[in-house]
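Asker: Pasting structure.csv here (CSV, C-alpha atoms):
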```csv
chain,number,residue,atom,x,y,z
A,133,MET,CA,16.9,-22.6,5.0
A,134,THR,CA,13.4,-23.9,5.3
A,135,THR,CA,11.1,-21.8,7.5
A,136,LYS,CA,7.6,-22.7,8.6
A,137,ILE,CA,5.1,-19.9,7.8
A,138,PHE,CA,1.5,-19.8,9.0
A,139,VAL,CA,-1.0,-18.1,6.5
A,140,THR,CA,-4.6,-17.2,7.3
A,141,GLY,CA,-6.9,-16.7,4.4
A,142,ALA,CA,-4.8,-19.1,2.5
A,143,ALA,CA,-7.4,-20.1,-0.1
A,144,GLY,CA,-8.2,-16.5,-1.1
A,145,PHE,CA,-6.9,-14.5,-4.0
A,146,ILE,CA,-3.9,-13.0,-2.3
A,147,GLY,CA,-3.5,-15.9,0.1
A,148,SER,CA,-3.2,-18.6,-2.5
A,149,HIS,CA,-0.5,-16.6,-4.4
A,150,THR,CA,1.3,-16.1,-1.1
A,151,VAL,CA,1.3,-19.8,-0.4
A,152,ASP,CA,2.6,-20.5,-3.9
A,153,ALA,CA,5.4,-17.9,-3.4
A,154,LEU,CA,6.5,-19.3,-0.1
A,155,LEU,CA,6.5,-22.9,-1.3
A,156,ALA,CA,8.5,-21.9,-4.4
A,157,ALA,CA,11.1,-20.3,-2.1
A,158,GLY,CA,11.4,-23.6,-0.3
A,159,HIS,CA,9.4,-22.9,2.9
A,160,GLU,CA,7.0,-25.0,4.8
A,161,VAL,CA,3.5,-23.5,4.9
A,162,VAL,CA,0.4,-24.1,7.1
A,163,GLY,CA,-2.7,-22.5,5.6
A,164,VAL,CA,-6.1,-21.9,7.2
A,165,ASP,CA,-9.3,-20.6,5.6
A,166,ASN,CA,-13.0,-20.8,6.4
A,167,LEU,CA,-13.8,-20.8,2.6
A,168,ARG,CA,-16.4,-18.1,3.0
A,169,THR,CA,-14.9,-16.3,-0.1
A,170,GLY,CA,-11.7,-18.4,-0.6
A,171,ARG,CA,-11.7,-21.3,-3.0
A,172,LEU,CA,-10.0,-24.6,-2.3
A,173,GLU,CA,-9.2,-25.0,-6.0
A,174,ASN,CA,-6.9,-21.9,-5.6
A,175,LEU,CA,-4.7,-24.3,-3.7
A,176,ASP,CA,-4.7,-27.2,-6.1
A,177,GLY,CA,-1.0,-26.8,-6.8
A,178,ALA,CA,0.0,-26.2,-3.2
A,179,LEU,CA,-2.0,-29.3,-2.0
A,180,THR,CA,0.4,-31.5,-4.1
A,181,SER,CA,3.3,-30.4,-2.0
A,182,SER,CA,4.5,-32.3,1.1
A,183,ARG,CA,5.5,-28.9,2.6
A,184,PHE,CA,1.9,-27.6,2.7
A,185,ARG,CA,-0.8,-28.4,5.2
A,186,PHE,CA,-4.4,-27.0,5.0
A,187,GLU,CA,-7.0,-26.7,7.8
A,188,ARG,CA,-10.5,-25.4,7.3
A,189,LEU,CA,-10.8,-22.9,10.2
A,190,ASP,CA,-12.4,-19.6,11.0
A,191,VAL,CA,-9.8,-17.3,12.5
A,192,THR,CA,-12.4,-15.8,14.9
A,193,GLU,CA,-12.4,-19.2,16.7
A,194,VAL,CA,-9.7,-18.1,19.0
A,195,ASP,CA,-9.2,-21.4,20.9
A,196,LEU,CA,-8.9,-23.5,17.8
A,197,LEU,CA,-6.6,-21.1,16.1
A,198,SER,CA,-4.4,-20.8,19.1
A,199,ARG,CA,-4.2,-24.6,19.6
A,200,LEU,CA,-3.2,-25.1,15.9
A,201,MET,CA,-0.6,-22.3,16.2
A,202,VAL,CA,0.9,-23.8,19.4
A,203,HIS,CA,1.1,-27.2,17.7
A,204,GLU,CA,2.8,-25.9,14.5
A,205,ARG,CA,5.1,-23.3,16.1
A,206,PRO,CA,5.7,-21.3,12.9
A,207,ALA,CA,8.5,-18.7,12.5
A,208,ALA,CA,6.0,-16.1,11.3
A,209,MET,CA,2.3,-15.7,10.7
A,210,ILE,CA,0.9,-13.8,7.6
A,211,HIS,CA,-2.6,-12.7,8.5
A,212,LEU,CA,-4.7,-12.3,5.3
A,213,ALA,CA,-8.1,-13.6,6.5
A,214,ALA,CA,-10.6,-10.7,6.3
A,215,LEU,CA,-13.7,-9.1,4.9
A,216,VAL,CA,-12.2,-7.6,1.7
A,217,SER,CA,-15.0,-5.4,0.5
A,218,VAL,CA,-15.5,-1.7,1.2
A,219,GLN,CA,-19.2,-1.9,0.0
A,220,GLU,CA,-19.9,-5.0,2.2
A,221,SER,CA,-18.3,-3.2,5.2
A,222,ILE,CA,-20.9,-0.4,4.7
A,223,ALA,CA,-23.8,-2.8,4.2
A,224,ASP,CA,-22.8,-4.9,7.2
A,225,PRO,CA,-20.6,-3.0,9.7
A,226,ALA,CA,-21.0,-5.7,12.4
A,227,LEU,CA,-19.6,-8.3,10.0
A,228,ASN,CA,-16.8,-6.0,9.1
A,229,PHE,CA,-15.9,-5.6,12.8
A,230,ARG,CA,-16.1,-9.4,13.5
A,231,LEU,CA,-13.9,-10.4,10.5
A,232,ASN,CA,-11.5,-7.4,10.3
A,233,VAL,CA,-11.1,-6.3,14.0
A,234,ALA,CA,-12.1,-9.3,16.1
A,235,GLY,CA,-10.3,-11.6,13.6
A,236,THR,CA,-7.1,-9.6,14.0
A,237,GLN,CA,-7.4,-9.8,17.8
A,238,ALA,CA,-7.8,-13.6,17.5
A,239,ALA,CA,-4.7,-13.7,15.4
A,240,ILE,CA,-2.8,-11.7,18.1
A,241,GLU,CA,-4.0,-14.1,20.8
A,242,ALA,CA,-2.7,-17.1,18.7
A,243,VAL,CA,0.7,-15.4,18.1
A,244,ARG,CA,1.0,-14.8,21.9
A,245,SER,CA,0.0,-18.3,22.8
A,246,ALA,CA,2.5,-19.9,20.4
A,247,GLY,CA,5.3,-17.4,21.0
A,248,VAL,CA,5.5,-16.6,17.3
A,249,PRO,CA,8.3,-14.0,16.7
A,250,ARG,CA,6.8,-12.2,13.8
A,251,ALA,CA,3.3,-11.3,12.5
A,252,VAL,CA,2.6,-9.8,9.0
A,253,PHE,CA,-0.7,-8.1,8.6
A,254,ALA,CA,-2.6,-7.4,5.4
A,255,SER,CA,-3.6,-3.7,5.8
A,256,SER,CA,-4.8,-1.4,3.1
A,257,ALA,CA,-4.4,2.0,1.5
A,258,ALA,CA,-7.9,2.6,2.6
A,259,VAL,CA,-6.5,3.7,6.0
A,260,TYR,CA,-5.5,7.0,4.3
A,261,GLY,CA,-8.9,7.9,2.9
A,262,ASP,CA,-9.2,10.6,0.2
A,263,SER,CA,-6.2,12.9,0.1
A,264,ASP,CA,-4.8,15.4,-2.5
A,265,ALA,CA,-1.3,15.1,-0.8
A,266,LEU,CA,0.0,12.5,-3.2
A,267,PRO,CA,1.8,10.2,-3.3
A,268,LEU,CA,0.7,8.8,0.0
A,269,GLY,CA,3.5,8.0,2.4
A,270,GLU,CA,3.4,6.0,5.6
A,271,THR,CA,3.2,9.2,7.7
A,272,SER,CA,0.4,10.7,5.6
A,273,PRO,CA,-2.8,11.5,7.6
A,274,LYS,CA,-5.1,8.6,8.2
A,275,ARG,CA,-8.7,9.5,7.5
A,276,PRO,CA,-10.6,6.4,6.4
A,277,LEU,CA,-13.8,7.0,4.5
A,278,ASN,CA,-15.6,3.7,5.4
A,279,PRO,CA,-15.8,1.0,8.0
A,280,TYR,CA,-13.4,-1.2,6.0
A,281,GLY,CA,-10.5,1.4,6.2
A,282,ALA,CA,-11.3,2.2,9.8
A,283,ALA,CA,-11.1,-1.5,10.7
A,284,LYS,CA,-7.8,-1.9,9.0
A,285,LEU,CA,-6.4,1.1,10.8
A,286,ALA,CA,-7.7,-0.2,14.2
A,287,SER,CA,-6.2,-3.6,13.4
A,288,GLU,CA,-2.8,-2.0,12.7
A,289,GLU,CA,-2.9,-0.2,16.1
A,290,LEU,CA,-4.0,-3.4,17.9
A,291,LEU,CA,-1.2,-5.4,16.3
A,292,LEU,CA,1.6,-2.8,16.8
A,293,GLY,CA,0.5,-2.2,20.4
A,294,ALA,CA,0.5,-6.0,21.2
A,295,ALA,CA,4.0,-6.3,19.5
A,296,ARG,CA,5.4,-3.6,21.8
A,297,THR,CA,3.8,-5.2,24.9
A,298,PHE,CA,4.5,-8.8,24.2
A,299,GLY,CA,7.8,-8.6,22.4
A,300,PHE,CA,7.1,-9.9,18.8
A,301,THR,CA,7.6,-8.1,15.5
A,302,ALA,CA,4.5,-6.7,13.7
A,303,VAL,CA,4.8,-5.7,10.0
A,304,CYS,CA,1.7,-4.0,8.5
A,305,LEU,CA,1.6,-4.0,4.7
A,306,ARG,CA,-0.7,-1.4,3.2
A,307,TYR,CA,-1.8,-2.9,-0.1
A,308,PHE,CA,-3.0,-0.6,-2.8
A,309,ASN,CA,-5.2,-2.0,-5.6
A,310,VAL,CA,-4.2,-5.6,-6.2
A,311,PHE,CA,-5.2,-7.5,-9.4
A,312,GLY,CA,-4.4,-10.8,-11.2
A,313,ARG,CA,-5.2,-14.4,-11.7
A,314,ARG,CA,-7.8,-16.0,-9.3
A,315,GLN,CA,-9.4,-12.6,-8.5
A,316,ARG,CA,-13.1,-13.3,-8.4
A,317,ALA,CA,-15.4,-11.4,-10.9
A,318,ASP,CA,-18.7,-12.9,-9.7
A,319,SER,CA,-19.4,-10.2,-7.1
A,320,PRO,CA,-20.1,-6.5,-7.3
A,321,TYR,CA,-17.4,-6.1,-4.6
A,322,SER,CA,-14.6,-7.6,-6.7
A,323,GLY,CA,-11.6,-5.7,-8.1
A,324,VAL,CA,-12.4,-3.4,-11.0
A,325,ILE,CA,-10.0,-5.2,-13.3
A,326,SER,CA,-11.5,-8.6,-12.8
A,327,ILE,CA,-15.0,-7.2,-13.3
A,328,PHE,CA,-14.0,-5.3,-16.5
A,329,GLN,CA,-12.4,-8.5,-17.7
A,330,GLU,CA,-15.5,-10.6,-17.2
A,331,GLN,CA,-17.8,-8.0,-18.7
A,332,LEU,CA,-15.5,-7.8,-21.8
A,333,ARG,CA,-15.4,-11.6,-22.1
A,334,ARG,CA,-19.2,-11.7,-22.1
A,335,GLY,CA,-19.5,-8.9,-24.6
A,336,LEU,CA,-21.2,-6.6,-22.0
A,337,PRO,CA,-20.7,-2.9,-21.4
A,338,CYS,CA,-18.2,-2.2,-18.6
A,339,THR,CA,-19.8,-0.4,-15.7
A,340,VAL,CA,-17.9,2.7,-14.5
A,341,PHE,CA,-19.0,4.2,-11.2
A,342,GLY,CA,-18.6,8.0,-11.3
A,343,ASP,CA,-16.8,9.7,-14.2
A,344,GLY,CA,-14.0,7.1,-14.5
A,345,ARG,CA,-11.3,9.7,-13.8
A,346,GLN,CA,-10.8,8.3,-10.3
A,347,THR,CA,-7.3,6.9,-10.1
A,348,ARG,CA,-5.7,3.8,-8.4
A,349,ASP,CA,-2.2,2.4,-7.9
A,350,PHE,CA,-2.7,-1.0,-9.5
A,351,LEU,CA,-0.4,-3.8,-8.2
A,352,PRO,CA,0.1,-7.3,-9.7
A,353,VAL,CA,-0.8,-10.0,-7.1
A,354,GLY,CA,2.5,-11.8,-7.7
A,355,ASP,CA,4.3,-8.7,-6.4
A,356,VAL,CA,2.0,-8.7,-3.3
A,357,ALA,CA,2.8,-12.3,-2.7
A,358,ARG,CA,6.5,-11.5,-2.9
A,359,ALA,CA,6.1,-8.6,-0.5
A,360,ASN,CA,4.3,-10.9,2.0
A,361,ALA,CA,7.1,-13.5,1.7
A,362,LEU,CA,9.8,-10.9,2.3
A,363,ALA,CA,8.0,-9.4,5.3
A,364,ALA,CA,7.8,-12.8,6.9
A,365,THR,CA,11.4,-13.9,6.2
A,366,VAL,CA,13.8,-10.9,5.9
A,367,ALA,CA,16.2,-10.9,8.8
A,368,ASP,CA,16.1,-8.1,11.4
A,369,LEU,CA,13.0,-6.4,10.1
A,370,GLU,CA,11.5,-4.0,12.7
A,371,SER,CA,7.9,-3.4,13.5
A,372,GLY,CA,6.0,-0.8,11.5
A,373,ALA,CA,3.8,-0.1,8.5
A,374,MET,CA,4.9,-0.1,4.8
A,375,ASN,CA,3.1,0.7,1.5
A,376,VAL,CA,2.9,-2.1,-1.0
A,377,CYS,CA,2.4,-0.2,-4.2
A,378,THR,CA,4.0,0.8,-7.6
A,379,GLY,CA,4.0,4.6,-7.3
A,380,ARG,CA,2.1,4.9,-10.6
A,381,GLU,CA,-1.4,6.5,-10.8
A,382,ILE,CA,-3.8,5.1,-13.4
A,383,SER,CA,-7.4,6.2,-14.0
A,384,LEU,CA,-10.3,3.7,-14.4
A,385,LEU,CA,-10.8,4.9,-18.0
A,386,GLU,CA,-7.1,4.3,-18.8
A,387,THR,CA,-7.5,0.8,-17.2
A,388,PHE,CA,-10.5,0.1,-19.4
A,389,ALA,CA,-8.6,1.2,-22.5
A,390,ALA,CA,-5.6,-0.9,-21.6
A,391,LEU,CA,-7.8,-4.0,-21.2
A,392,CYS,CA,-9.6,-3.4,-24.5
A,393,SER,CA,-6.2,-2.9,-26.3
A,394,GLY,CA,-4.6,-6.0,-24.7
A,395,ALA,CA,-7.7,-8.2,-25.4
A,396,ALA,CA,-8.1,-6.7,-29.0
A,397,ALA,CA,-11.7,-6.1,-27.9
A,398,LYS,CA,-14.0,-3.2,-28.7
A,399,GLY,CA,-15.7,-2.5,-25.4
A,400,GLU,CA,-18.0,0.2,-24.3
A,401,CYS,CA,-18.6,1.9,-21.0
A,402,GLN,CA,-21.9,2.5,-19.2
A,403,TYR,CA,-21.8,5.0,-16.3
A,404,ALA,CA,-23.4,4.6,-13.0
A,405,PRO,CA,-23.5,6.9,-9.9
A,406,ALA,CA,-20.3,7.0,-7.8
A,407,ARG,CA,-20.4,4.6,-4.9
A,408,ALA,CA,-20.4,5.8,-1.2
A,409,GLY,CA,-17.0,5.4,0.4
A,410,ASP,CA,-15.0,5.3,-2.9
A,411,ILE,CA,-11.7,7.2,-2.9
A,412,ARG,CA,-11.2,9.7,-5.7
A,413,ARG,CA,-7.4,9.5,-6.2
A,414,SER,CA,-4.9,7.0,-4.8
A,415,VAL,CA,-1.2,6.4,-5.4
A,416,GLY,CA,1.4,5.4,-2.9
A,417,ASP,CA,5.1,6.1,-2.2
A,418,PRO,CA,6.9,2.7,-2.5
A,419,GLY,CA,10.2,3.9,-1.0
A,420,GLU,CA,9.9,2.6,2.5
A,421,ALA,CA,9.3,-1.0,1.4
A,422,TRP,CA,12.4,-0.8,-0.8
A,423,ARG,CA,14.6,0.6,2.0
A,424,ARG,CA,13.4,-1.8,4.6
A,425,MET,CA,13.1,-5.1,2.8
A,426,GLY,CA,14.2,-4.6,-0.8
A,427,PHE,CA,10.7,-4.8,-2.3
A,428,ARG,CA,9.9,-3.0,-5.5
A,429,SER,CA,7.3,-3.6,-8.2
A,430,GLU,CA,9.0,-3.4,-11.6
A,431,GLN,CA,6.5,-5.0,-14.0
A,432,PRO,CA,4.8,-2.5,-16.4
A,433,PHE,CA,1.1,-2.3,-16.0
A,434,ALA,CA,0.3,-3.5,-19.5
A,435,ASP,CA,2.6,-6.6,-19.1
A,436,ALA,CA,1.0,-7.4,-15.7
A,437,LEU,CA,-2.5,-7.3,-17.3
A,438,GLN,CA,-1.6,-10.2,-19.7
A,439,PRO,CA,-2.5,-13.1,-17.4
A,440,ALA,CA,-5.8,-11.5,-16.6
A,441,LEU,CA,-6.7,-11.2,-20.3
A,442,GLN,CA,-6.6,-15.0,-21.1
A,443,GLY,CA,-10.3,-15.5,-20.5
A,444,THR,CA,-11.1,-12.3,-22.4
A,445,ARG,CA,-9.4,-13.6,-25.5
A,446,GLY,CA,-11.4,-16.8,-25.3
A,447,GLY,CA,-8.7,-18.8,-23.4
A,448,PRO,CA,-9.3,-21.0,-20.4
A,449,PRO,CA,-11.0,-19.4,-17.4
A,450,GLU,CA,-8.8,-18.7,-14.4
```
Will you turn the file into structure tokens for me?
Answerer:
Amino acid sequence: MTTKIFVTGAAGFIGSHTVDALLAAGHEVVGVDNLRTGRLENLDGALTSSRFRFERLDVTEVDLLSRLMVHERPAAMIHLAALVSVQESIADPALNFRLNVAGTQAAIEAVRSAGVPRAVFASSAAVYGDSDALPLGETSPKRPLNPYGAAKLASEELLLGAARTFGFTAVCLRYFNVFGRRQRADSPYSGVISIFQEQLRRGLPCTVFGDGRQTRDFLPVGDVARANALAATVADLESGAMNVCTGREISLLETFAALCSGAAAKGECQYAPARAGDIRRSVGDPGEAWRRMGFRSEQPFADALQPALQGTRGGPPE
């Protein structure tokens, strides 16, 4: 059955993959993005579909967003529009608040105005902060280390409180470290895999902040898109938060070695001081997402790296 889904941040890294996944599943999609960091070319494939409509719009423009949502009357909203950088949230806390807290409140107002029955929110493992009690489960203590994590946690509470008050379903997905095609490498705030990939492609040393033994739970973007689609469409899903993760802990040095091996490249590391607000170890418990909506990441890390290695091997840039 075709369902109409509204996606904010549709031209971004995760947003464009989510749009593709929804269209591939036969759904109708309305996407909005202000193109601050998103790229319209990420939607080249989607824009050829008669089931996709795109509007350039900043989600903090509450009246415009609400009018569009009322006009479209989607079955669900997937709210991905956000400031996505920990470091930028530290450098500009006011921007972090506007995009990550006020933006979520604007999305809530639009959902209320249009009577949308379900909202899916892109939260983050950053809500947990730095913890040695691993793997992190949904009930683990929440101690964000930076404004970005704090904003995501505040947004979860705003959304879940509004859902209880106004009678819609709110699903908060706590993404761990997402990587894959279309992830930008032209910013110091990009994901470490895309940055390493670009540095290897250019024959430059890969910069490692800290000692490189910090760990992450790396998740292919295709899996995240699939989790978003499930959260928007699975029947009888109740409000709450879920980790979107693999349950596998991989260090940055292991990541660097895997990239070098996959690209048949001899890279070298250069070390820089650890960055403020960076988490030392991170790995999630994926069990709740499996129990509640049948989501599990099953692709081995080395296999999932292959699409990201095309440019490193001298193939076409993503």
Asker: I'd like to know which of A:Ala157, A:Val376, A:Leu266, A:Ala361 is closest to Ile210 of chain A, using all atoms listed in the file.
Answerer: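 That would be A:Ala361, the residue with the smallest distance to Ile210 of chain A.
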Asker: Residues proximal to (-17.5, 6.7, 3.4) were defined as those with any atom within 7 Å of that point in the file's coordinates, counting all atoms listed in the file. Which are they, as a PyMOL selection string?
Answerer: chain A and resi 277-278+408-410
Asker: What would the file look like if the residues just selected were written as a PDB file, keeping the file's coordinate frame with C-alpha atoms?
Answerer:
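Output saved as selection.pdb:
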```pdb
ATOM      1  CA  LEU A 277     -13.800   7.000   4.500  1.00  0.00           C
ATOM      2  CA  ASN A 278     -15.600   3.700   5.400  1.00  0.00           C
ATOM      3  CA  ALA A 408     -20.400   5.800  -1.200  1.00  0.00           C
ATOM      4  CA  GLY A 409     -17.000   5.400   0.400  1.00  0.00           C
ATOM      5  CA  ASP A 410     -15.000   5.300  -2.900  1.00  0.00           C
TER       6      ASP A 410
END
```
Asker: Considering all atoms listed in the file, state which residue in the set A:Ala373, A:Val310, A:Ser414, A:Phe328 is at the smallest distance from Phe350 of chain A.
Answerer: A:Val310
Asker: Report as a Markdown table the residues of segment 137-250 of chain A within 10 Å of segment 287-299 of chain A, each with its shortest atom pair and distance in Å (one decimal), using all atoms listed in the file, ordered by chain and increasing residue number.
Answerer:
```
| residue | atom | partner | partner_atom | distance |
| --- | --- | --- | --- | --- |
| A:Phe229 | CA | A:Ser287 | CA | 9.9 |
| A:Asn232 | CA | A:Ser287 | CA | 7.2 |
| A:Val233 | CA | A:Ser287 | CA | 5.6 |
| A:Ala234 | CA | A:Ser287 | CA | 8.6 |
| A:Gly235 | CA | A:Ser287 | CA | 9.0 |
| A:Thr236 | CA | A:Ser287 | CA | 6.1 |
| A:Gln237 | CA | A:Leu290 | CA | 7.2 |
| A:Ala239 | CA | A:Leu291 | CA | 9.1 |
| A:Ile240 | CA | A:Leu291 | CA | 6.7 |
| A:Glu241 | CA | A:Ala294 | CA | 9.3 |
| A:Val243 | CA | A:Phe298 | CA | 9.8 |
| A:Arg244 | CA | A:Phe298 | CA | 7.3 |
| A:Gly247 | CA | A:Phe298 | CA | 9.2 |
| A:Val248 | CA | A:Gly299 | CA | 9.8 |
| A:Pro249 | CA | A:Gly299 | CA | 7.9 |
| A:Arg250 | CA | A:Ala295 | CA | 8.7 |
```
Asker: For segment 181-183 of chain A, list every protein, DNA or RNA residue within 9 Å, evaluated using all atoms listed in the file, and leave out those in the same chain fewer than 3 positions away; present the list as a count of residues only.
Answerer: 9
Asker: Just checking: using all atoms listed in the file, which residue out of A:Thr301, A:Ser198, A:Ser263, A:Ser217 ends up closest to Ala367 of chain A?
Answerer: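 Counting all atoms listed in the file, the residue closest to Ala367 of chain A is A:Thr301.
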Asker: Rank nothing, just name the residue among A:Ala434, A:Ala242, A:Leu167, A:Ala226 nearest to Leu391 of chain A, using only C-alpha atoms.
Answerer: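 Comparing A:Ala434, A:Ala242, A:Leu167, A:Ala226 against Leu391 of chain A, the winner is A:Ala434.
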Asker: Please provide the set of residues having any atom within 8 Å of segment 385-388 of chain A, restricted to all atoms listed in the file, with same-chain residues fewer than 2 positions apart removed, written as a PDB file with C-alpha atoms, in the frame of the given file.
Answerer:
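Printed below is result.pdb as written:
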```
ATOM      1  CA  ILE A 325     -10.000  -5.200 -13.300  1.00  0.00           C
ATOM      2  CA  PHE A 328     -14.000  -5.300 -16.500  1.00  0.00           C
ATOM      3  CA  GLY A 344     -14.000   7.100 -14.500  1.00  0.00           C
ATOM      4  CA  ARG A 345     -11.300   9.700 -13.800  1.00  0.00           C
ATOM      5  CA  ILE A 382      -3.800   5.100 -13.400  1.00  0.00           C
ATOM      6  CA  SER A 383      -7.400   6.200 -14.000  1.00  0.00           C
ATOM      7  CA  ALA A 390      -5.600  -0.900 -21.600  1.00  0.00           C
ATOM      8  CA  LEU A 391      -7.800  -4.000 -21.200  1.00  0.00           C
ATOM      9  CA  CYS A 392      -9.600  -3.400 -24.500  1.00  0.00           C
TER      10      CYS A 392
END
```
Asker: To one decimal place, how far is atom CA of Arg188 of chain A from atom CA of Ser255 of chain A in Å?
Answerer: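 Going from atom CA of Arg188 of chain A over to atom CA of Ser255 of chain A covers 22.8 Å.
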Asker: Quote the spacing between atom CA of Val151 of chain A and atom CA of Leu179 of chain A in Å to one decimal place.
Answerer: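 Straight-line distance from atom CA of Val151 of chain A to atom CA of Leu179 of chain A works out to 10.2 Å.
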Asker: Quick one: of A:Tyr403, A:Arg313, A:Gly419, A:Ala283, who's nearest to Ser221 of chain A, counting all atoms listed in the file?
Answerer: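 Smallest separation from Ser221 of chain A among the options: A:Ala283.
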Asker: Which one is closest to Ser256 of chain A: A:Ile222, A:Val191, A:Val164, A:Val356? Count all atoms listed in the file.
Answerer: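 Result for the nearest residue to Ser256 of chain A: A:Val356.
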Asker: Report as a VMD selection string all protein, DNA and RNA residues lying within 6 Å of Asp165 of chain A, evaluated on only C-alpha atoms, omitting residues in the same chain fewer than 4 positions from it.
Answerer: chain A and resid 141 to 142 188 to 189
Asker: How would the residues just picked look written out with C-alpha atoms as an mmCIF file, in the frame of the given file?
Answerer:
```cif
data_model
loop_
_atom_site.group_PDB
_atom_site.id
_atom_site.type_symbol
_atom_site.label_atom_id
_atom_site.label_comp_id
_atom_site.auth_asym_id
_atom_site.auth_seq_id
_atom_site.Cartn_x
_atom_site.Cartn_y
_atom_site.Cartn_z
ATOM 1 C CA GLY A 141 -6.900 -16.700 4.400
ATOM 2 C CA ALA A 142 -4.800 -19.100 2.500
ATOM 3 C CA ARG A 188 -10.500 -25.400 7.300
ATOM 4 C CA LEU A 189 -10.800 -22.900 10.200
#
```
